[in-house]
Amino acid sequence: MSGAGLRWLSDDRAGLVTMHGKEAVIGPVLGEGAGISLFRVAGVDTDAFGTFTREVERPGSALDAARAKVRAGFAASPETRIMVASEGSFGPHPAIPLLPLGDELVLLVDRETGFELTGRHVGPETNFAHRLALDVETALDFARQCGFPGHGIFVLGVRGEAPAPDLFCDKTLEDEKALASAAARAIALTGAAFLETDMRAHRNPTRQDAIRRAAQDLVRRLGSPCPDCTRPGFDRRRRIPGLPCSDCGTPTDMTRAWILGCEGCGLEDTRPVPGEPWADPGACPSCNP
Ligand SMILES: [Zn+2]
Ligand SMILES: [Zn+2]
């Protein structure tokens, strides 16, 4: 890690709160990128903070959930000074409802100094999906589309077309034979089977990639010190539109500059976007109204 980043951490070892093998994903990134050696903190039930099968609803935001995991990690491991937790959110794209979006957050907290920093990755590369199946063939088709058995699939019971894990729930399916049999049982018991992708990291290689990218973002931010106070995480806060049209010079909605900010001292700095200082006329309200 850069000298500036290290000064803000009271240790080069960090605990990770996970039940789903995330240490294999996040550990190498923090080790190679920041010189932090990550170990798994045992004895924390992360499913208590919300699961993807709706048995436990997640309270508050993803950051709230990650902070709750960090607090539980510190409680379970009182000698640990730095704790890391990750939290994913999945749902429809805000602008394109049919496109699912994954949002991964990795949080690092230093208990000694109170320093807190997040890394994030938001992108459409997720297999997050669900489907109501009235027959086993539909269930198998959906599972294959979602990458099963390389990616996990849950089969739940149904009540009024909504998933009802209290009626039936199988999270342990390893192959098509087991999935077909679980779907048949759910259909016999509740009239239909509700299938959804297993978003737990150890059963979802696509999600592992997204968590890896969020960890890389955390490393990038650790290496971005504030020019004034040196706190890491001096980063983009908001964009300034108005990149001029290359034909007529009219300001467009394209990004002209970014405002970078420090969470420590509040310093802000404006940086023009690198590269071409002109917008394509296709984005111009005068040339292409
Ligand atoms: Zn123009
Ligand atoms: Zn600062």
# chains A, B, ... in the order shown; residues from 1 in each chain; ligands from 1
>>> closest_atom_pairs(of="chain A", to="ligand 1", cutoff="10 Å", atoms="only C-alpha atoms and all ligand atoms", output="CSV")
residue,atom,partner,partner_atom_place_in_ligand_line,distance
A:Pro244,CA,ligand 1,1 (Zn),7.7
A:Cys245,CA,ligand 1,1 (Zn),4.6
A:Ser246,CA,ligand 1,1 (Zn),6.5
A:Asp247,CA,ligand 1,1 (Zn),4.9
A:Cys248,CA,ligand 1,1 (Zn),4.2
A:Gly249,CA,ligand 1,1 (Zn),5.9
A:Thr250,CA,ligand 1,1 (Zn),5.4
A:Pro251,CA,ligand 1,1 (Zn),8.1
A:Thr252,CA,ligand 1,1 (Zn),8.1
A:Ala279,CA,ligand 1,1 (Zn),8.5
A:Asp280,CA,ligand 1,1 (Zn),8.0
A:Pro281,CA,ligand 1,1 (Zn),5.0
A:Gly282,CA,ligand 1,1 (Zn),7.9
A:Ala283,CA,ligand 1,1 (Zn),7.9
A:Cys284,CA,ligand 1,1 (Zn),4.7
A:Pro285,CA,ligand 1,1 (Zn),6.7
A:Ser286,CA,ligand 1,1 (Zn),5.0
A:Cys287,CA,ligand 1,1 (Zn),4.2
A:Asn288,CA,ligand 1,1 (Zn),7.1
A:Pro289,CA,ligand 1,1 (Zn),9.2
>>> write_last_selection(atoms="all heavy atoms", output="compact mmCIF listing (two decimals), in the first residue's frame")
# COMPACT_ATOMS: atom_id res chain seq x y z
N PRO A 244 -18.89 20.65 -24.34
CA PRO A 244 -19.42 21.35 -25.52
C PRO A 244 -19.44 20.46 -26.77
O PRO A 244 -18.59 19.60 -26.96
CB PRO A 244 -18.45 22.53 -25.70
CG PRO A 244 -17.21 22.13 -24.98
CD PRO A 244 -17.60 21.17 -23.90
N CYS A 245 -20.42 20.70 -27.62
CA CYS A 245 -20.57 19.99 -28.90
C CYS A 245 -19.38 20.31 -29.80
O CYS A 245 -18.96 21.46 -29.91
CB CYS A 245 -21.87 20.43 -29.55
SG CYS A 245 -22.03 19.90 -31.26
N SER A 246 -18.86 19.29 -30.47
CA SER A 246 -17.68 19.49 -31.31
C SER A 246 -18.03 20.27 -32.59
O SER A 246 -17.15 20.83 -33.23
CB SER A 246 -17.06 18.13 -31.68
OG SER A 246 -17.97 17.37 -32.45
N ASP A 247 -19.30 20.35 -32.96
CA ASP A 247 -19.70 21.09 -34.16
C ASP A 247 -20.02 22.55 -33.86
O ASP A 247 -19.54 23.45 -34.54
CB ASP A 247 -20.94 20.42 -34.80
CG ASP A 247 -20.56 19.54 -35.98
OD1 ASP A 247 -19.35 19.25 -36.12
OD2 ASP A 247 -21.47 19.15 -36.74
N CYS A 248 -20.86 22.78 -32.83
CA CYS A 248 -21.37 24.14 -32.62
C CYS A 248 -21.01 24.72 -31.25
O CYS A 248 -21.28 25.90 -30.99
CB CYS A 248 -22.90 24.16 -32.80
SG CYS A 248 -23.79 23.34 -31.48
N GLY A 249 -20.44 23.92 -30.37
CA GLY A 249 -20.00 24.45 -29.08
C GLY A 249 -21.08 24.54 -28.02
O GLY A 249 -20.81 24.94 -26.88
N THR A 250 -22.32 24.15 -28.34
CA THR A 250 -23.40 24.17 -27.34
C THR A 250 -23.10 23.18 -26.20
O THR A 250 -22.65 22.07 -26.48
CB THR A 250 -24.74 23.77 -28.01
OG1 THR A 250 -25.00 24.69 -29.08
CG2 THR A 250 -25.89 23.79 -27.02
N PRO A 251 -23.33 23.58 -24.95
CA PRO A 251 -23.11 22.62 -23.86
C PRO A 251 -24.09 21.45 -23.94
O PRO A 251 -25.28 21.67 -24.16
CB PRO A 251 -23.38 23.44 -22.60
CG PRO A 251 -23.37 24.87 -23.03
CD PRO A 251 -23.75 24.90 -24.48
N THR A 252 -23.59 20.23 -23.82
CA THR A 252 -24.44 19.03 -23.85
C THR A 252 -24.58 18.49 -22.43
O THR A 252 -24.00 19.04 -21.49
CB THR A 252 -23.82 17.93 -24.73
OG1 THR A 252 -22.65 17.43 -24.07
CG2 THR A 252 -23.43 18.46 -26.10
N ALA A 279 -17.93 16.98 -27.11
CA ALA A 279 -18.97 15.96 -27.17
C ALA A 279 -19.33 15.67 -28.63
O ALA A 279 -19.25 16.55 -29.48
CB ALA A 279 -20.21 16.44 -26.41
N ASP A 280 -19.78 14.47 -28.88
CA ASP A 280 -20.26 14.08 -30.21
C ASP A 280 -21.54 14.90 -30.52
O ASP A 280 -22.39 15.06 -29.64
CB ASP A 280 -20.57 12.58 -30.21
CG ASP A 280 -20.90 12.08 -31.60
OD1 ASP A 280 -22.06 12.24 -32.03
OD2 ASP A 280 -19.98 11.52 -32.25
N PRO A 281 -21.67 15.42 -31.75
CA PRO A 281 -22.88 16.20 -32.10
C PRO A 281 -24.16 15.40 -31.89
O PRO A 281 -25.24 16.00 -31.71
CB PRO A 281 -22.68 16.53 -33.57
CG PRO A 281 -21.21 16.41 -33.82
CD PRO A 281 -20.71 15.37 -32.86
N GLY A 282 -24.09 14.06 -31.88
CA GLY A 282 -25.27 13.25 -31.63
C GLY A 282 -25.87 13.51 -30.26
O GLY A 282 -27.05 13.27 -30.03
N ALA A 283 -25.06 13.99 -29.29
CA ALA A 283 -25.54 14.28 -27.95
C ALA A 283 -25.89 15.76 -27.77
O ALA A 283 -26.18 16.21 -26.66
CB ALA A 283 -24.47 13.88 -26.92
N CYS A 284 -25.85 16.53 -28.89
CA CYS A 284 -26.02 17.98 -28.81
C CYS A 284 -27.50 18.38 -28.94
O CYS A 284 -28.17 17.95 -29.89
CB CYS A 284 -25.20 18.65 -29.91
SG CYS A 284 -25.50 20.42 -30.03
N PRO A 285 -28.04 19.22 -28.03
CA PRO A 285 -29.43 19.62 -28.12
C PRO A 285 -29.71 20.54 -29.33
O PRO A 285 -30.86 20.66 -29.74
CB PRO A 285 -29.69 20.35 -26.79
CG PRO A 285 -28.34 20.76 -26.30
CD PRO A 285 -27.37 19.76 -26.84
N SER A 286 -28.65 21.18 -29.90
CA SER A 286 -28.85 22.03 -31.09
C SER A 286 -28.74 21.23 -32.37
O SER A 286 -29.60 21.32 -33.26
CB SER A 286 -27.80 23.16 -31.12
OG SER A 286 -28.04 24.07 -30.08
N CYS A 287 -27.67 20.43 -32.51
CA CYS A 287 -27.44 19.67 -33.75
C CYS A 287 -28.39 18.47 -33.86
O CYS A 287 -28.73 18.05 -34.95
CB CYS A 287 -26.01 19.15 -33.82
SG CYS A 287 -24.77 20.45 -33.76
N ASN A 288 -28.78 17.90 -32.73
CA ASN A 288 -29.59 16.67 -32.73
C ASN A 288 -30.71 16.79 -31.69
O ASN A 288 -30.70 16.08 -30.68
CB ASN A 288 -28.68 15.47 -32.44
CG ASN A 288 -29.40 14.14 -32.61
OD1 ASN A 288 -30.41 14.08 -33.30
ND2 ASN A 288 -28.90 13.11 -31.96
N PRO A 289 -31.65 17.74 -31.92
CA PRO A 289 -32.64 18.03 -30.88
C PRO A 289 -33.63 16.87 -30.70
O PRO A 289 -33.79 16.07 -31.58
CB PRO A 289 -33.36 19.29 -31.40
CG PRO A 289 -33.10 19.33 -32.86
CD PRO A 289 -31.81 18.58 -33.13
>>> residues_near_ligand(ligand="ligand 2", cutoff="10 Å", atoms="only C-alpha atoms and all ligand atoms", output="PyMOL selection string")
chain A and resi 225-234+261-268
>>> write_last_selection(atoms="all heavy atoms", output="short mmCIF file (atom, residue, chain, number, x, y, z; two decimals), in the first residue's frame")
data_model
loop_
_atom_site.label_atom_id
_atom_site.label_comp_id
_atom_site.auth_asym_id
_atom_site.auth_seq_id
_atom_site.Cartn_x
_atom_site.Cartn_y
_atom_site.Cartn_z
N PRO A 225 -5.16 9.43 -1.71
CA PRO A 225 -5.19 10.29 -0.53
C PRO A 225 -5.67 11.71 -0.85
O PRO A 225 -5.46 12.21 -1.96
CB PRO A 225 -3.72 10.32 -0.09
CG PRO A 225 -2.95 10.06 -1.34
CD PRO A 225 -3.80 9.18 -2.21
N CYS A 226 -6.29 12.33 0.13
CA CYS A 226 -6.68 13.74 0.02
C CYS A 226 -5.41 14.59 -0.05
O CYS A 226 -4.50 14.40 0.74
CB CYS A 226 -7.51 14.13 1.24
SG CYS A 226 -7.82 15.89 1.40
N PRO A 227 -5.35 15.57 -0.98
CA PRO A 227 -4.16 16.41 -1.08
C PRO A 227 -3.93 17.26 0.16
O PRO A 227 -2.80 17.67 0.43
CB PRO A 227 -4.44 17.31 -2.29
CG PRO A 227 -5.73 16.88 -2.89
CD PRO A 227 -6.37 15.86 -1.99
N ASP A 228 -4.98 17.52 0.94
CA ASP A 228 -4.83 18.35 2.15
C ASP A 228 -4.50 17.52 3.39
O ASP A 228 -3.48 17.71 4.02
CB ASP A 228 -6.13 19.13 2.40
CG ASP A 228 -5.96 20.59 2.05
OD1 ASP A 228 -4.99 20.93 1.35
OD2 ASP A 228 -6.82 21.40 2.47
N CYS A 229 -5.38 16.57 3.74
CA CYS A 229 -5.25 15.87 5.03
C CYS A 229 -4.72 14.45 4.87
O CYS A 229 -4.55 13.76 5.87
CB CYS A 229 -6.59 15.87 5.76
SG CYS A 229 -7.81 14.75 5.05
N THR A 230 -4.52 13.97 3.63
CA THR A 230 -4.00 12.64 3.28
C THR A 230 -4.95 11.49 3.58
O THR A 230 -4.60 10.33 3.39
CB THR A 230 -2.63 12.31 3.94
OG1 THR A 230 -2.82 11.95 5.32
CG2 THR A 230 -1.64 13.44 3.80
N ARG A 231 -6.19 11.79 4.05
CA ARG A 231 -7.12 10.69 4.28
C ARG A 231 -7.39 9.98 2.95
O ARG A 231 -7.70 10.62 1.95
CB ARG A 231 -8.45 11.23 4.82
CG ARG A 231 -9.42 10.14 5.24
CD ARG A 231 -10.82 10.74 5.45
NE ARG A 231 -11.69 9.81 6.17
CZ ARG A 231 -12.37 8.84 5.60
NH1 ARG A 231 -12.27 8.62 4.31
NH2 ARG A 231 -13.15 8.05 6.33
N PRO A 232 -7.31 8.64 2.93
CA PRO A 232 -7.63 7.91 1.70
C PRO A 232 -9.10 8.06 1.31
O PRO A 232 -9.94 8.34 2.17
CB PRO A 232 -7.31 6.45 2.05
CG PRO A 232 -6.42 6.52 3.24
CD PRO A 232 -6.83 7.75 4.00
N GLY A 233 -9.37 7.86 0.03
CA GLY A 233 -10.76 7.92 -0.42
C GLY A 233 -11.12 9.26 -1.04
O GLY A 233 -12.30 9.59 -1.15
N PHE A 234 -10.10 10.03 -1.44
CA PHE A 234 -10.37 11.28 -2.16
C PHE A 234 -10.85 10.88 -3.55
O PHE A 234 -10.10 10.38 -4.36
CB PHE A 234 -9.09 12.14 -2.24
CG PHE A 234 -9.33 13.54 -2.73
CD1 PHE A 234 -10.03 14.44 -1.95
CD2 PHE A 234 -8.87 13.95 -3.98
CE1 PHE A 234 -10.25 15.74 -2.40
CE2 PHE A 234 -9.10 15.24 -4.43
CZ PHE A 234 -9.79 16.14 -3.63
N GLY A 261 -14.02 14.75 -3.73
CA GLY A 261 -14.19 15.24 -2.36
C GLY A 261 -13.53 14.34 -1.33
O GLY A 261 -13.27 13.17 -1.58
N CYS A 262 -13.24 14.93 -0.16
CA CYS A 262 -12.64 14.22 0.97
C CYS A 262 -13.69 14.06 2.06
O CYS A 262 -14.34 15.02 2.44
CB CYS A 262 -11.44 14.99 1.51
SG CYS A 262 -10.77 14.29 3.02
N GLU A 263 -13.85 12.83 2.56
CA GLU A 263 -14.82 12.56 3.63
C GLU A 263 -14.28 13.01 4.98
O GLU A 263 -15.01 13.06 5.96
CB GLU A 263 -15.16 11.07 3.68
CG GLU A 263 -16.02 10.60 2.53
CD GLU A 263 -16.06 9.09 2.42
OE1 GLU A 263 -16.08 8.40 3.46
OE2 GLU A 263 -16.04 8.59 1.27
N GLY A 264 -12.97 13.31 5.03
CA GLY A 264 -12.37 13.71 6.30
C GLY A 264 -12.47 15.21 6.53
O GLY A 264 -13.18 15.68 7.42
N CYS A 265 -11.78 15.99 5.67
CA CYS A 265 -11.68 17.43 5.90
C CYS A 265 -12.66 18.22 5.04
O CYS A 265 -12.79 19.44 5.20
CB CYS A 265 -10.25 17.92 5.65
SG CYS A 265 -9.77 17.89 3.91
N GLY A 266 -13.35 17.56 4.09
CA GLY A 266 -14.35 18.26 3.29
C GLY A 266 -13.80 18.96 2.06
O GLY A 266 -14.55 19.61 1.33
N LEU A 267 -12.49 18.86 1.81
CA LEU A 267 -11.90 19.48 0.62
C LEU A 267 -12.58 18.98 -0.65
O LEU A 267 -12.88 17.80 -0.78
CB LEU A 267 -10.40 19.15 0.55
CG LEU A 267 -9.66 19.67 -0.70
CD1 LEU A 267 -9.38 21.17 -0.60
CD2 LEU A 267 -8.35 18.91 -0.91
N GLU A 268 -12.85 19.89 -1.59
CA GLU A 268 -13.37 19.50 -2.90
C GLU A 268 -12.49 20.08 -3.99
O GLU A 268 -11.90 21.15 -3.82
CB GLU A 268 -14.82 19.98 -3.07
CG GLU A 268 -15.80 19.19 -2.22
CD GLU A 268 -17.24 19.30 -2.70
OE1 GLU A 268 -17.57 20.31 -3.33
OE2 GLU A 268 -18.01 18.36 -2.44
#
>>> select_by_dssp(residues="region 51-259 of chain A", states="strand (DSSP E)", output="JSON, numbers by chain")
{"A": [82, 83, 84, 85, 86, 87, 88, 89, 90, 91, 92, 100, 101, 102, 103, 104, 105, 106, 107, 108, 109, 110, 116, 117, 118, 119, 120, 121, 122, 123, 130, 131, 132, 133, 153, 154, 155, 156, 157, 158, 159, 162, 163, 164, 165, 166, 167, 168, 169, 170, 193, 194, 195, 196, 197, 235, 236, 237, 238, 239, 240, 241, 255, 256, 257, 258, 259]}
>>> residues_around(residues="Ala215 (chain A)", least_positions_apart="3", cutoff="10 Å", atoms="only C-alpha atoms", output="VMD selection string")
chain A and resid 25 to 30 33 86 104 to 108 118 to 121 209 to 212 218 to 221
>>> residues_around(residues="Arg185 (chain A)", least_positions_apart="4", cutoff="12 Å", atoms="only C-alpha atoms", output="PyMOL selection string")
chain A and resi 134-136+155-158+167-170+178-181+189-194
>>> residues_around(residues="His202 (chain A)", least_positions_apart="3", cutoff="12 Å", atoms="only C-alpha atoms", output="ChimeraX atom specification")
/A:18-25,150-152,198-199,205-209,211
>>> write_last_selection(atoms="N, CA and C atoms", output="short mmCIF file (atom, residue, chain, number, x, y, z; two decimals), in the first residue's frame")
data_model
loop_
_atom_site.label_atom_id
_atom_site.label_comp_id
_atom_site.auth_asym_id
_atom_site.auth_seq_id
_atom_site.Cartn_x
_atom_site.Cartn_y
_atom_site.Cartn_z
N THR A 18 -17.78 -13.44 7.21
CA THR A 18 -18.46 -14.12 6.10
C THR A 18 -18.75 -15.57 6.47
N MET A 19 -19.87 -16.06 5.95
CA MET A 19 -20.16 -17.50 6.05
C MET A 19 -20.07 -18.15 4.69
N HIS A 20 -19.81 -17.33 3.66
CA HIS A 20 -19.97 -17.83 2.30
C HIS A 20 -18.70 -17.74 1.46
N GLY A 21 -17.55 -17.95 2.11
CA GLY A 21 -16.30 -18.10 1.38
C GLY A 21 -15.78 -16.84 0.72
N LYS A 22 -16.21 -15.67 1.18
CA LYS A 22 -15.75 -14.45 0.52
C LYS A 22 -14.28 -14.17 0.75
N GLU A 23 -13.67 -14.82 1.78
CA GLU A 23 -12.25 -14.55 2.03
C GLU A 23 -11.40 -14.96 0.83
N ALA A 24 -11.84 -16.00 0.09
CA ALA A 24 -11.10 -16.45 -1.08
C ALA A 24 -11.17 -15.44 -2.22
N VAL A 25 -12.18 -14.57 -2.20
CA VAL A 25 -12.36 -13.58 -3.25
C VAL A 25 -11.70 -12.26 -2.87
N GLY A 150 -23.49 -24.86 -12.06
CA GLY A 150 -22.32 -24.06 -11.66
C GLY A 150 -22.71 -22.92 -10.75
N HIS A 151 -23.92 -22.37 -10.98
CA HIS A 151 -24.52 -21.36 -10.10
C HIS A 151 -25.68 -22.03 -9.35
N GLY A 152 -25.84 -21.69 -8.08
CA GLY A 152 -26.89 -22.31 -7.27
C GLY A 152 -28.28 -21.78 -7.60
N ASP A 198 -29.39 -18.45 -6.40
CA ASP A 198 -28.67 -18.43 -5.12
C ASP A 198 -27.62 -17.33 -5.22
N MET A 199 -27.78 -16.25 -4.44
CA MET A 199 -26.85 -15.13 -4.53
C MET A 199 -25.73 -15.23 -3.49
N PRO A 205 -20.51 -17.82 -8.94
CA PRO A 205 -19.24 -17.31 -9.47
C PRO A 205 -19.37 -15.92 -10.12
N THR A 206 -20.54 -15.62 -10.69
CA THR A 206 -20.73 -14.29 -11.29
C THR A 206 -20.67 -13.22 -10.21
N ARG A 207 -21.28 -13.53 -9.06
CA ARG A 207 -21.25 -12.58 -7.95
C ARG A 207 -19.84 -12.47 -7.37
N GLN A 208 -19.11 -13.57 -7.35
CA GLN A 208 -17.71 -13.50 -6.87
C GLN A 208 -16.92 -12.49 -7.67
N ASP A 209 -17.11 -12.47 -9.00
CA ASP A 209 -16.41 -11.50 -9.84
C ASP A 209 -16.78 -10.07 -9.45
N ILE A 211 -17.90 -9.02 -6.50
CA ILE A 211 -17.32 -8.71 -5.19
C ILE A 211 -15.83 -8.39 -5.34
#
>>> residues_around(residues="region 11-17 of chain A", least_positions_apart="5", cutoff="10 Å", atoms="only C-alpha atoms", output="PyMOL selection string")
chain A and resi 1+6+22-23+26-27+30-31+34-46+66+69-74+76-77+80-86+107-110+112
>>> write_last_selection(atoms="C-alpha atoms", output="mmCIF file, in the first residue's frame")
data_model
loop_
_atom_site.group_PDB
_atom_site.id
_atom_site.type_symbol
_atom_site.label_atom_id
_atom_site.label_comp_id
_atom_site.auth_asym_id
_atom_site.auth_seq_id
_atom_site.Cartn_x
_atom_site.Cartn_y
_atom_site.Cartn_z
ATOM 1 C CA MET A 1 0.000 0.000 0.000
ATOM 2 C CA LEU A 6 -0.900 2.829 5.679
ATOM 3 C CA LYS A 22 -15.754 -14.453 0.518
ATOM 4 C CA GLU A 23 -12.249 -14.551 2.027
ATOM 5 C CA ILE A 26 -11.514 -10.461 -1.215
ATOM 6 C CA GLY A 27 -8.332 -11.747 0.504
ATOM 7 C CA LEU A 30 -6.478 -6.700 -0.392
ATOM 8 C CA GLY A 31 -3.240 -8.671 -0.005
ATOM 9 C CA ALA A 34 -2.916 -2.990 -0.236
ATOM 10 C CA GLY A 35 -0.635 -5.288 1.788
ATOM 11 C CA ILE A 36 -3.500 -6.204 4.119
ATOM 12 C CA SER A 37 -3.675 -9.829 5.229
ATOM 13 C CA LEU A 38 -7.258 -10.927 5.629
ATOM 14 C CA PHE A 39 -8.499 -13.660 7.931
ATOM 15 C CA ARG A 40 -11.992 -15.000 8.459
ATOM 16 C CA VAL A 41 -13.655 -14.166 11.762
ATOM 17 C CA ALA A 42 -15.477 -17.276 12.942
ATOM 18 C CA GLY A 43 -18.660 -17.403 14.958
ATOM 19 C CA VAL A 44 -20.713 -14.681 13.263
ATOM 20 C CA ASP A 45 -24.003 -15.736 11.684
ATOM 21 C CA THR A 46 -24.187 -13.300 8.748
ATOM 22 C CA ALA A 66 -22.273 -4.046 6.268
ATOM 23 C CA LYS A 69 -21.663 -7.207 10.217
ATOM 24 C CA VAL A 70 -18.512 -5.252 11.128
ATOM 25 C CA ARG A 71 -19.864 -4.553 14.639
ATOM 26 C CA ALA A 72 -20.676 -8.246 15.085
ATOM 27 C CA GLY A 73 -17.165 -9.113 13.851
ATOM 28 C CA PHE A 74 -15.531 -6.802 16.410
ATOM 29 C CA ALA A 76 -16.685 -11.850 18.121
ATOM 30 C CA SER A 77 -12.995 -10.928 17.783
ATOM 31 C CA THR A 80 -9.006 -7.356 15.902
ATOM 32 C CA ARG A 81 -8.551 -3.682 15.042
ATOM 33 C CA ILE A 82 -9.615 -3.685 11.381
ATOM 34 C CA MET A 83 -12.745 -5.413 10.088
ATOM 35 C CA VAL A 84 -14.044 -5.925 6.555
ATOM 36 C CA ALA A 85 -17.554 -6.922 5.473
ATOM 37 C CA SER A 86 -19.316 -7.123 2.146
ATOM 38 C CA LEU A 107 -16.611 -1.907 3.823
ATOM 39 C CA LEU A 108 -13.415 -1.528 5.860
ATOM 40 C CA VAL A 109 -13.513 -0.100 9.396
ATOM 41 C CA ASP A 110 -10.582 0.670 11.703
ATOM 42 C CA GLU A 112 -8.802 2.271 16.682
#
>>> closest_residue(among="A:Pro124, A:Ala186, A:Arg200, A:Ala62", to="Pro94 (chain A)", atoms="only C-alpha atoms")
A:Pro124
>>> closest_residue(among="A:Leu117, A:Ala182, A:Ala143, A:Val122", to="Asp235 (chain A)", atoms="only C-alpha atoms")
A:Leu117
>>> atom_distance(atom1="CA of Leu9 (chain A)", atom2="CA of Gln216 (chain A)")
17.5 Å
>>> select_by_dssp(residues="region 157-224 of chain A", states="helix (DSSP H, G or I)", output="JSON, numbers by chain")
{"A": [176, 177, 178, 179, 180, 181, 182, 183, 184, 185, 186, 187, 188, 189, 190, 201, 202, 203, 205, 206, 207, 208, 209, 210, 211, 212, 213, 214, 215, 216, 217, 218, 219, 220, 221, 222]}
>>> atom_distance(atom1="CA of Pro149 (chain A)", atom2="CA of Glu174 (chain A)")
6.2 Å
